[in-house]
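**Student:** Below is a structure I'd like to ask you about.
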Amino acid sequence: MIKMTKVTKAYGNLKAIKDVDLTINNGEFVFIVGPSGAGKSTFIKLLLKEIEPSSGKININGLELTEMKRRDIPYYRRNIGVVFQDFRLLPDKTVFDNVAFAMEIVEASGREIRRQVPAVLAMVGLASKARAYPHELAGGEQQRVSLARALVNNPSLLIADEPTGNLDPVTAREIMKIINLVNYRGTTVIMATHAREIVNAMKKRVITFRKGSVVADRAKGEYFGEV
């Protein structure tokens, strides 16, 4: 469970997040929407403990992030998969090695890597591309590699930051099918997006930010483009 209590993040006089109270239960699929500058990126950075709140509490699966020691942050992040808009693949590594890298970081054994990486590549439809390099792939395929890398360690939480932003509509729908399947299997999904069509088609919970505040929270809702 993710629980934010009166969370504010200020940069000088600017409050990027203001008095946010919300709870996200394990296994939920939640869209985070709102115009540019609404606070979506700050919200994600707080969950990843890339930044600290100016005030308030953030509790994730029983861990109080505001009290977490620096040395414990890498272990906390092992349970989180992250997918970005710009893929962030290692250009000199194959598809297999890009995904395996995420397992190497957590010191998985070679046997575990050889078993898990092909399985997750098959899940995202890239079993035949294991030995290809990122520059040999289309944009949608590169995003599938990024998604496989985020999922290979079986995270309890998947955070997707505009994962379809650079993709055509057909490819975007394919990526969303995979993410929806991951959620169906039990992973909590939090996705920040401007893609109104995707949000409205999925009929999941929608949390709307505006000027740092939560202005709407709809179960199985839609994104009306509040500004």
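Chain lettering (A, B, ...) mirrors the order of the structure tokens, residue numbering begins at 1 for each chain separately, and ligand numbering begins at 1 in order of display.
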As a tab-separated table (two decimals) with N, CA and C atoms, in the first residue's frame, please: every residue in segment 30-227 of chain A that a backbone DSSP assignment puts in strand (DSSP E or B).
**Tutor:**
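Dumped to out13.tsv:
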```
chain	number	residue	atom	x	y	z
A	30	VAL	N	-3.33	2.82	-11.49
A	30	VAL	CA	-3.70	4.22	-11.29
A	30	VAL	C	-3.01	5.09	-12.33
A	31	PHE	N	-3.79	5.90	-13.02
A	31	PHE	CA	-3.23	6.92	-13.90
A	31	PHE	C	-3.05	8.22	-13.12
A	32	ILE	N	-1.90	8.87	-13.31
A	32	ILE	CA	-1.64	10.19	-12.76
A	32	ILE	C	-1.64	11.16	-13.93
A	33	VAL	N	-2.59	12.09	-13.94
A	33	VAL	CA	-2.76	12.97	-15.08
A	33	VAL	C	-2.78	14.43	-14.63
A	55	SER	N	7.47	18.43	3.77
A	55	SER	CA	6.70	18.05	4.96
A	55	SER	C	5.77	16.90	4.59
A	56	GLY	N	5.27	16.21	5.61
A	56	GLY	CA	4.36	15.10	5.38
A	56	GLY	C	5.06	13.75	5.46
A	57	LYS	N	4.28	12.70	5.30
A	57	LYS	CA	4.76	11.33	5.41
A	57	LYS	C	4.43	10.54	4.15
A	58	ILE	N	5.35	9.64	3.76
A	58	ILE	CA	5.13	8.72	2.64
A	58	ILE	C	5.44	7.32	3.13
A	59	ASN	N	4.42	6.47	3.14
A	59	ASN	CA	4.59	5.10	3.60
A	59	ASN	C	4.27	4.15	2.46
A	60	ILE	N	5.22	3.27	2.14
A	60	ILE	CA	5.03	2.31	1.06
A	60	ILE	C	5.30	0.91	1.59
A	63	LEU	N	7.03	0.76	4.86
A	63	LEU	CA	8.28	1.50	4.99
A	63	LEU	C	8.00	2.99	4.97
A	64	GLU	N	8.49	3.70	5.98
A	64	GLU	CA	8.34	5.14	6.03
A	64	GLU	C	9.51	5.78	5.29
A	80	ILE	N	10.81	-1.93	-7.16
A	80	ILE	CA	10.13	-1.00	-8.05
A	80	ILE	C	10.70	-1.12	-9.46
A	81	GLY	N	9.84	-1.30	-10.44
A	81	GLY	CA	10.25	-1.24	-11.84
A	81	GLY	C	9.85	0.11	-12.40
A	82	VAL	N	10.72	0.70	-13.23
A	82	VAL	CA	10.45	2.03	-13.77
A	82	VAL	C	10.61	2.02	-15.28
A	83	VAL	N	9.63	2.60	-15.98
A	83	VAL	CA	9.68	2.73	-17.44
A	83	VAL	C	9.55	4.21	-17.77
A	84	PHE	N	10.48	4.71	-18.61
A	84	PHE	CA	10.48	6.12	-18.97
A	84	PHE	C	10.10	6.29	-20.44
A	157	LEU	N	5.80	-3.03	-7.56
A	157	LEU	CA	5.29	-1.75	-8.04
A	157	LEU	C	5.96	-1.41	-9.36
A	158	LEU	N	5.16	-1.06	-10.37
A	158	LEU	CA	5.67	-0.57	-11.65
A	158	LEU	C	5.26	0.88	-11.80
A	159	ILE	N	6.25	1.75	-12.00
A	159	ILE	CA	6.01	3.17	-12.24
A	159	ILE	C	6.36	3.46	-13.70
A	160	ALA	N	5.40	3.96	-14.44
A	160	ALA	CA	5.59	4.26	-15.86
A	160	ALA	C	5.39	5.75	-16.07
A	161	ASP	N	6.43	6.43	-16.52
A	161	ASP	CA	6.39	7.88	-16.72
A	161	ASP	C	6.30	8.17	-18.21
A	188	THR	N	1.23	-3.65	-8.75
A	188	THR	CA	0.64	-2.32	-8.68
A	188	THR	C	1.25	-1.46	-9.78
A	189	VAL	N	0.41	-0.75	-10.52
A	189	VAL	CA	0.89	0.10	-11.62
A	189	VAL	C	0.48	1.54	-11.38
A	190	ILE	N	1.46	2.44	-11.46
A	190	ILE	CA	1.21	3.87	-11.42
A	190	ILE	C	1.78	4.47	-12.70
A	191	MET	N	0.93	5.08	-13.50
A	191	MET	CA	1.36	5.59	-14.80
A	191	MET	C	1.01	7.06	-14.94
A	192	ALA	N	2.04	7.89	-15.12
A	192	ALA	CA	1.84	9.29	-15.42
A	192	ALA	C	1.76	9.47	-16.93
A	205	ARG	N	-8.51	3.74	-12.33
A	205	ARG	CA	-8.55	4.87	-11.41
A	205	ARG	C	-7.71	6.02	-11.99
A	206	VAL	N	-8.22	7.24	-11.91
A	206	VAL	CA	-7.54	8.41	-12.45
A	206	VAL	C	-7.41	9.48	-11.37
A	207	ILE	N	-6.16	9.84	-11.05
A	207	ILE	CA	-5.88	10.91	-10.10
A	207	ILE	C	-5.37	12.11	-10.88
A	208	THR	N	-6.05	13.22	-10.77
A	208	THR	CA	-5.69	14.42	-11.53
A	208	THR	C	-5.03	15.45	-10.62
A	209	PHE	N	-3.84	15.89	-11.04
A	209	PHE	CA	-3.12	16.96	-10.36
A	209	PHE	C	-3.31	18.28	-11.12
A	210	ARG	N	-3.36	19.35	-10.35
A	210	ARG	CA	-3.37	20.70	-10.92
A	210	ARG	C	-2.68	21.63	-9.94
A	213	SER	N	-1.79	20.17	-6.52
A	213	SER	CA	-2.84	19.60	-5.67
A	213	SER	C	-3.62	18.52	-6.42
A	214	VAL	N	-4.15	17.57	-5.68
A	214	VAL	CA	-5.05	16.58	-6.25
A	214	VAL	C	-6.43	17.22	-6.36
A	215	VAL	N	-6.91	17.38	-7.59
A	215	VAL	CA	-8.19	18.04	-7.79
A	215	VAL	C	-9.30	17.06	-8.17
A	216	ALA	N	-8.92	15.82	-8.48
A	216	ALA	CA	-9.93	14.80	-8.80
A	216	ALA	C	-9.32	13.43	-8.58
A	217	ASP	N	-10.14	12.50	-8.13
A	217	ASP	CA	-9.71	11.12	-7.91
A	217	ASP	C	-10.91	10.24	-8.23
A	218	ARG	N	-10.88	9.64	-9.41
A	218	ARG	CA	-12.03	8.91	-9.91
A	218	ARG	C	-11.72	7.43	-10.09
```
**Student:** Counting only C-alpha atoms, what is within 8 Å of segment 140-148 of chain A, bar same-chain residues fewer than 3 positions away, as a list in words?
**Tutor:** Val82, Val83, Phe84, Phe87, Arg88, Leu89, Val95, Asn98, Val99, Val120, Leu121, Val124, Gly125, Leu126, Pro134, Leu137, Leu151, Val152, Pro163, Leu167, Thr171, Ala172 and Ile175 of chain A
**Student:** Rounded to one decimal, what separation in Å do you get between atom CA of Thr193 of chain A and atom CA of Lys45 of chain A?
**Tutor:** 14.8 Å
**Student:** Using DSSP on the backbone coordinates, identify the residues of segment 55-212 of chain A assigned to helix (DSSP H, G or I); present them as a ChimeraX atom specification.
**Tutor:** /A:65-67,70-77,95-105,110-123,127-129,134-136,139-151,169-184,196-202
**Student:** Can you pull out the residues contacting Arg114 of chain A? Cut-off 12 Å, using only C-alpha atoms, and skip same-chain residues under 2 positions away; I want them as a PDB file with N, CA and C atoms, in the first residue's frame.
**Tutor:**
```
ATOM      1  N   PHE A  96      19.162  -8.840 -24.714  1.00  0.00           N
ATOM      2  CA  PHE A  96      19.319  -9.755 -23.573  1.00  0.00           C
ATOM      3  C   PHE A  96      20.140  -9.094 -22.475  1.00  0.00           C
ATOM      4  N   ASP A  97      21.254  -8.482 -22.833  1.00  0.00           N
ATOM      5  CA  ASP A  97      22.150  -7.914 -21.830  1.00  0.00           C
ATOM      6  C   ASP A  97      21.570  -6.657 -21.191  1.00  0.00           C
ATOM      7  N   VAL A  99      18.430  -6.253 -20.471  1.00  0.00           N
ATOM      8  CA  VAL A  99      17.492  -6.751 -19.462  1.00  0.00           C
ATOM      9  C   VAL A  99      18.247  -7.434 -18.327  1.00  0.00           C
ATOM     10  N   ALA A 100      19.270  -8.212 -18.681  1.00  0.00           N
ATOM     11  CA  ALA A 100      20.062  -8.903 -17.661  1.00  0.00           C
ATOM     12  C   ALA A 100      20.751  -7.929 -16.717  1.00  0.00           C
ATOM     13  N   PHE A 101      21.082  -6.740 -17.227  1.00  0.00           N
ATOM     14  CA  PHE A 101      21.773  -5.745 -16.415  1.00  0.00           C
ATOM     15  C   PHE A 101      20.996  -5.417 -15.145  1.00  0.00           C
ATOM     16  N   MET A 103      19.170  -7.404 -13.473  1.00  0.00           N
ATOM     17  CA  MET A 103      19.335  -8.508 -12.541  1.00  0.00           C
ATOM     18  C   MET A 103      20.743  -8.536 -11.957  1.00  0.00           C
ATOM     19  N   GLU A 104      21.716  -8.141 -12.768  1.00  0.00           N
ATOM     20  CA  GLU A 104      23.092  -8.094 -12.277  1.00  0.00           C
ATOM     21  C   GLU A 104      23.243  -7.081 -11.150  1.00  0.00           C
ATOM     22  N   ALA A 108      21.787 -11.082  -8.921  1.00  0.00           N
ATOM     23  CA  ALA A 108      21.166 -12.363  -9.255  1.00  0.00           C
ATOM     24  C   ALA A 108      22.227 -13.299  -9.825  1.00  0.00           C
ATOM     25  N   SER A 109      22.018 -14.578  -9.653  1.00  0.00           N
ATOM     26  CA  SER A 109      22.983 -15.558 -10.161  1.00  0.00           C
ATOM     27  C   SER A 109      22.858 -15.685 -11.676  1.00  0.00           C
ATOM     28  N   GLY A 110      23.915 -16.203 -12.295  1.00  0.00           N
ATOM     29  CA  GLY A 110      23.872 -16.438 -13.730  1.00  0.00           C
ATOM     30  C   GLY A 110      22.757 -17.372 -14.120  1.00  0.00           C
ATOM     31  N   ARG A 111      22.500 -18.347 -13.292  1.00  0.00           N
ATOM     32  CA  ARG A 111      21.416 -19.303 -13.573  1.00  0.00           C
ATOM     33  C   ARG A 111      20.063 -18.600 -13.561  1.00  0.00           C
ATOM     34  N   GLU A 112      19.859 -17.721 -12.578  1.00  0.00           N
ATOM     35  CA  GLU A 112      18.596 -16.979 -12.509  1.00  0.00           C
ATOM     36  C   GLU A 112      18.430 -16.091 -13.733  1.00  0.00           C
ATOM     37  N   GLN A 116      15.329 -16.225 -16.236  1.00  0.00           N
ATOM     38  CA  GLN A 116      14.331 -15.169 -16.144  1.00  0.00           C
ATOM     39  C   GLN A 116      14.298 -14.252 -17.363  1.00  0.00           C
ATOM     40  N   VAL A 117      15.462 -13.909 -17.915  1.00  0.00           N
ATOM     41  CA  VAL A 117      15.483 -12.958 -19.027  1.00  0.00           C
ATOM     42  C   VAL A 117      14.719 -13.482 -20.248  1.00  0.00           C
ATOM     43  N   PRO A 118      14.941 -14.716 -20.706  1.00  0.00           N
ATOM     44  CA  PRO A 118      14.149 -15.201 -21.850  1.00  0.00           C
ATOM     45  C   PRO A 118      12.654 -15.213 -21.566  1.00  0.00           C
ATOM     46  N   ALA A 119      12.282 -15.508 -20.326  1.00  0.00           N
ATOM     47  CA  ALA A 119      10.854 -15.556 -19.981  1.00  0.00           C
ATOM     48  C   ALA A 119      10.210 -14.185 -20.109  1.00  0.00           C
ATOM     49  N   VAL A 120      10.888 -13.161 -19.600  1.00  0.00           N
ATOM     50  CA  VAL A 120      10.299 -11.823 -19.652  1.00  0.00           C
ATOM     51  C   VAL A 120      10.345 -11.263 -21.071  1.00  0.00           C
ATOM     52  N   LEU A 121      11.370 -11.614 -21.863  1.00  0.00           N
ATOM     53  CA  LEU A 121      11.402 -11.190 -23.259  1.00  0.00           C
ATOM     54  C   LEU A 121      10.259 -11.821 -24.045  1.00  0.00           C
ATOM     55  N   ALA A 130      16.561 -11.204 -28.865  1.00  0.00           N
ATOM     56  CA  ALA A 130      17.462 -11.212 -27.713  1.00  0.00           C
ATOM     57  C   ALA A 130      18.876 -10.763 -28.059  1.00  0.00           C
ATOM     58  N   VAL A 152      11.856  -7.562 -14.968  1.00  0.00           N
ATOM     59  CA  VAL A 152      12.611  -8.809 -14.861  1.00  0.00           C
ATOM     60  C   VAL A 152      12.851  -9.235 -13.412  1.00  0.00           C
TER      61      VAL A 152
END
```
**Student:** To one decimal place in Å, what is the distance between atom CA of Phe43 of chain A and atom CA of Gly212 of chain A?
**Tutor:** 9.1 Å
**Student:** Taking only C-alpha atoms into account, which of A:Glu174, A:Glu162, A:Glu52, A:Glu28 comes nearest Ala195 of chain A?
**Tutor:** A:Glu162
**Student:** Could you tell me how far atom CA of Asn180 of chain A lies from atom CA of Tyr133 of chain A, in Å and to one decimal?
**Tutor:**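 Atom CA of Tyr133 of chain A lies at a distance of 26.5 Å from atom CA of Asn180 of chain A.
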**Student:** Point out the residue among A:Ile198, A:Glu67, A:Ala132, A:Gly165 with the least atom-to-atom distance to Lys177 of chain A, counting only C-alpha atoms.
**Tutor:**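 Among the listed residues, A:Ile198 lies closest to Lys177 of chain A.
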